[in-house]
Protein chains: 2
Amino acid sequence: MNGDKKLTEMLGIQYPIVQAPMLGVTSPEMVAAVSNGGGLGSLPLGGLAAGVARKLIHQTKALTNKPFAVNLFTYTIPAIAYETAESMALFLKEICTINDLNYTKPDLAQLQFHSYEELIPVLLDENIPIVSFTFGCPDDAAIAAFKSRGVKLIGTVTSVEEAVFLAEKGIDMLTVQGIEAGGHRGSFLSETIPQTGLFTLLPQIADVVSLPLLAAGGIYDQRTIAAAHQLGASGVQIGSLFITANESLASDLYKSSIMQASETGTVLTRAVTGRWLRALRNRLIDLVESSGQVVPAYPVQGSLTAPIRSLAQAQGIADFFPMLAGQACSRAVKQSAAEILSKLVDAYR
Amino acid sequence: MNGDKKLTEMLGIQYPIVQAPMLGVTSPEMVAAVSNGGGLGSLPLGGLAAGVARKLIHQTKALTNKPFAVNLFTYTIPAIAYETAESMALFLKEICTINDLNYTKPDLAQLQFHSYEELIPVLLDENIPIVSFTFGCPDDAAIAAFKSRGVKLIGTVTSVEEAVFLAEKGIDMLTVQGIEAGGHRGSFLSETIPQTGLFTLLPQIADVVSLPLLAAGGIYDQRTIAAAHQLGASGVQIGSLFITANESLASDLYKSSIMQASETGTVLTRAVTGRWLRALRNRLIDLVESSGQVVPAYPVQGSLTAPIRSLAQAQGIADFFPMLAGQACSRAVKQSAAEILSKLVDAYR
């Protein structure tokens, strides 16, 4: 199959395979392994403080001389709705107590959230060649700053409307996220979350936008890569397959849970972070969903569930540990990131 | 592209393109036009009385000598939950009154539902060569009767589990229905409705079941047909594109509404019939969804909303007329069924 020269030349990579940025899963080692193998590693920096981000960039640079992308969450941090957040925190404490988890309520007044804007000087300073983003679009000044340095920008879209919006902003490339994809939905334009299958979304975006498209969601082998290209993609972005990589930060529990999941084992939910994401269905999600509680906006809900994530991970309780994953996650195999990439690269040989 | 001889020879057709059975949309003229063009027309008979079904079969036979399929709804009719049904009927009357629609509540005690079992003698008697079914599986006696006459059976599945179930029952071929598909979800094994994208579902079923697979959901052109084959399909089933056919029973309002819909314009809902289906989002669906009312089981809810469908259609009120459609429905064009088929057939030339 044709390696889509336009995309690979634009990014300076050999194969149009992007490892999806996955906070809490992707390590500098994973990013470097994928970039060293000829794909594009993506370092997730969404919501991180500038110092932490810079350190992760340095760690990655120490492991590869190849281009890699960093990923930002380009959204506006909302004011905390204290009443809603207090109510949710009390509810979470209650369900934890019943289930022998010792939940410590975060001090809401002390919560600190970092805007993507704090990271832009760091990325420019570090000469990051490729910046991908999720939840919208950098502001016009940031886009101009990136473009003046020749930084390539990759946006994330879940509808034709979002694709047209980012194309008009001058973004260089789009990740088209089908409903199959694991992790956060990148949706940013409509109140109602778009839930369009990749099969429908990809060709319809290809028909109206002339940018190179990366297909995301449910891609795991040569067949699915070939089908994505057939539908108009110039490359693919793959997440779930890398959760089980040796270089992954995911726990053994997380890895084995996704490998055992059926294709119907995930749900879309706001229960984990306050934004829609796809994760393995579990008891924590079911309890929050059926509680009737208003779920605080992202990232507040994420801060409220963070103590549960830590406790459940430490104690190995799958029922209370949110495990983000896509609909094809069971296809993951425990291997090095280089081996995982190498199998996918066969699609382009 | 290869025409998948196994499938076409098994069905006695030229191209592996099946027109989806759509009650209220598909006419004998549509079925005959598709079969005469070398595809497979499907006559929807789900829920119809034997006499009506036989008449439709005769009408179709008068228009084509080619094989066509008939479609059954193979489910067990539930007892009516009168209290729930009365409550829903009162609610529907209330929202109709507010919106100047003169709703006449059906007499619940007089409702009659027809089991697929009533139709089996008719199909055998009429020497129907191909029977497709939705919502489960014919009982073992019916399967045996069909098989003894050489009738080919096509089941509908929305999960790997359902595919394995029907394969073990000896069904000849499966329609794999992605989340993108319009109309009723064929799901029958799990309480929670599977919502897997075609992109993930098709290759995973192809990996475990050796039957010929028809891909359904979001298929509308040569690209999507080629991608479906890439993912493991031996053919395709197409619905939405035929809603706008000249031979369609759909109203002009229905036709123009789907042609103007965006790819995010449909929802999955139980509000229309009591079973999950995909339709254009409208006010009727939103009102029922947000009412807090328990939705009666299929087909009771369908009988309760039937008067609204008639009123809304007669008065041209899109907001109260349920319009079943898939996520790619906007790709439909007003043409003859033969012309619609002919464009699709190009994928196999």
# chains A, B, ... in the order shown; residues from 1 in each chain; ligands from 1
call {"tool": "residues_around", "arguments": {"residues": "Ala206 (chain A)", "least_positions_apart": "5", "cutoff": "8 Å", "atoms": "only C-alpha atoms", "output": "PyMOL selection string"}}
result
chain A and resi 213+231-233
call {"tool": "write_last_selection", "arguments": {"atoms": "C-alpha atoms", "output": "compact mmCIF listing (two decimals), in the first residue's frame"}}
result
# COMPACT_ATOMS: atom_id res chain seq x y z
CA LEU A 213 -6.61 12.77 7.62
CA LEU A 231 -12.30 5.57 3.21
CA GLY A 232 -10.05 8.58 2.71
CA ALA A 233 -7.41 8.48 5.45
call {"tool": "interface_residues", "arguments": {"of": "chain A", "to": "chain B", "cutoff": "6 Å", "atoms": "only C-alpha atoms", "output": "list in words"}}
result
Glu180, Pro194, Gly197, Thr200, Gly218, Arg223, Ala227, Gln230, Leu231, Thr264 and Ala328 of chain A
call {"tool": "select_by_dssp", "arguments": {"residues": "region 291-337 of chain B", "states": "helix (DSSP H, G or I)", "output": "tab-separated table (two decimals) with C-alpha atoms, in the first residue's frame"}}
result
chain	number	residue	atom	x	y	z
B	300	VAL	CA	-46.77	-1.90	21.97
B	301	GLN	CA	-45.03	1.48	21.82
B	302	GLY	CA	-45.20	1.30	18.03
B	303	SER	CA	-48.98	0.90	18.23
B	304	LEU	CA	-49.22	3.86	20.59
B	305	THR	CA	-47.16	6.18	18.36
B	306	ALA	CA	-48.80	4.94	15.12
B	307	PRO	CA	-51.62	7.54	15.23
B	308	ILE	CA	-49.01	10.31	15.63
B	309	ARG	CA	-47.06	8.98	12.64
B	310	SER	CA	-50.23	9.11	10.50
B	311	LEU	CA	-51.23	12.58	11.67
B	312	ALA	CA	-47.73	14.02	11.29
B	313	GLN	CA	-47.30	12.51	7.86
B	314	ALA	CA	-50.69	13.74	6.66
B	315	GLN	CA	-49.97	17.25	7.96
B	318	ALA	CA	-41.35	16.60	10.52
B	319	ASP	CA	-41.08	17.23	14.25
B	320	PHE	CA	-43.59	14.49	15.04
B	329	CYS	CA	-28.50	9.06	5.00
B	330	SER	CA	-27.68	12.49	3.55
B	331	ARG	CA	-25.93	10.73	0.67
B	337	ALA	CA	-33.99	2.10	-7.52
call {"tool": "atom_distance", "arguments": {"atom1": "CA of Gly183 (chain B)", "atom2": "CA of Tyr254 (chain B)"}}
result
13.6 Å
call {"tool": "residues_around", "arguments": {"residues": "Phe133 (chain A)", "least_positions_apart": "2", "cutoff": "10 Å", "atoms": "only C-alpha atoms", "output": "list in words"}}
result
Pro21, Pro44, Leu45, Gly46, Ala69, Val70, Asn71, Leu72, Phe73, Thr74, Tyr75, Tyr116, Val131, Phe135, Gly136, Cys137, Pro138, Leu153, Ile154, Gly155, Thr156, Val157, Leu174, Thr175 and Gly186 of chain A
call {"tool": "select_by_dssp", "arguments": {"residues": "region 63-193 of chain B", "states": "strand (DSSP E)", "output": "list in words"}}
result
Ala69, Val70, Asn71, Leu72, Phe73, Ile130, Val131, Ser132, Phe133, Thr134, Lys152, Leu153, Ile154, Gly155, Thr156, Val157, Met173, Leu174, Thr175, Val176, Gln177, Gly183 and His184 of chain B
call {"tool": "write_last_selection", "arguments": {"atoms": "N, CA and C atoms", "output": "compact mmCIF listing (two decimals), in the first residue's frame"}}
result
# COMPACT_ATOMS: atom_id res chain seq x y z
N ALA B 69 -35.51 -11.69 -1.35
CA ALA B 69 -35.62 -12.17 0.04
C ALA B 69 -36.88 -11.59 0.67
N VAL B 70 -37.39 -12.29 1.67
CA VAL B 70 -38.39 -11.65 2.53
C VAL B 70 -37.77 -11.58 3.93
N ASN B 71 -38.22 -10.59 4.69
CA ASN B 71 -37.66 -10.38 6.03
C ASN B 71 -38.71 -10.55 7.11
N LEU B 72 -38.34 -11.31 8.14
CA LEU B 72 -39.23 -11.57 9.29
C LEU B 72 -38.67 -10.94 10.56
N PHE B 73 -39.55 -10.60 11.49
CA PHE B 73 -39.14 -10.18 12.83
C PHE B 73 -39.31 -11.38 13.75
N ILE B 130 -35.13 -17.15 -0.23
CA ILE B 130 -34.21 -16.51 0.73
C ILE B 130 -35.04 -15.81 1.81
N VAL B 131 -34.78 -16.15 3.08
CA VAL B 131 -35.48 -15.51 4.19
C VAL B 131 -34.45 -14.86 5.10
N SER B 132 -34.56 -13.54 5.25
CA SER B 132 -33.72 -12.87 6.23
C SER B 132 -34.57 -12.57 7.46
N PHE B 133 -33.91 -12.43 8.61
CA PHE B 133 -34.68 -12.17 9.82
C PHE B 133 -33.93 -11.25 10.76
N THR B 134 -34.70 -10.59 11.61
CA THR B 134 -34.21 -9.56 12.50
C THR B 134 -34.80 -9.82 13.88
N LYS B 152 -32.41 -20.36 1.80
CA LYS B 152 -31.21 -19.77 2.41
C LYS B 152 -31.65 -18.78 3.49
N LEU B 153 -30.97 -18.86 4.63
CA LEU B 153 -31.35 -18.04 5.79
C LEU B 153 -30.28 -17.00 6.08
N ILE B 154 -30.70 -15.75 6.26
CA ILE B 154 -29.77 -14.65 6.57
C ILE B 154 -30.19 -14.03 7.90
N GLY B 155 -29.31 -14.11 8.91
CA GLY B 155 -29.61 -13.52 10.21
C GLY B 155 -29.00 -12.13 10.34
N THR B 156 -29.42 -11.40 11.37
CA THR B 156 -28.92 -10.05 11.63
C THR B 156 -28.25 -10.02 13.00
N VAL B 157 -27.00 -9.51 13.04
CA VAL B 157 -26.25 -9.52 14.30
C VAL B 157 -25.60 -8.15 14.56
N MET B 173 -25.90 -17.16 6.43
CA MET B 173 -25.23 -15.89 6.12
C MET B 173 -25.65 -14.87 7.17
N LEU B 174 -24.77 -13.91 7.45
CA LEU B 174 -25.09 -12.93 8.49
C LEU B 174 -25.01 -11.50 7.96
N THR B 175 -25.98 -10.70 8.34
CA THR B 175 -25.90 -9.26 8.13
C THR B 175 -25.31 -8.65 9.40
N VAL B 176 -24.13 -8.05 9.26
CA VAL B 176 -23.43 -7.46 10.40
C VAL B 176 -23.79 -5.98 10.46
N GLN B 177 -24.54 -5.63 11.49
CA GLN B 177 -25.12 -4.28 11.56
C GLN B 177 -24.28 -3.39 12.47
N GLY B 183 -32.78 2.52 11.18
CA GLY B 183 -33.84 1.57 11.51
C GLY B 183 -33.54 0.79 12.77
N HIS B 184 -34.30 -0.30 12.94
CA HIS B 184 -34.17 -1.09 14.16
C HIS B 184 -32.80 -1.75 14.30
call {"tool": "atom_distance", "arguments": {"atom1": "CA of Ser42 (chain A)", "atom2": "CA of Ala20 (chain A)"}}
result
6.0 Å
call {"tool": "atom_distance", "arguments": {"atom1": "CA of Val345 (chain B)", "atom2": "CA of Asn36 (chain B)"}}
result
12.8 Å
call {"tool": "closest_residue", "arguments": {"among": "B:Glu289, B:Gln59, B:Phe113, B:Val151", "to": "Ile80 (chain B)", "atoms": "only C-alpha atoms"}}
result
B:Phe113
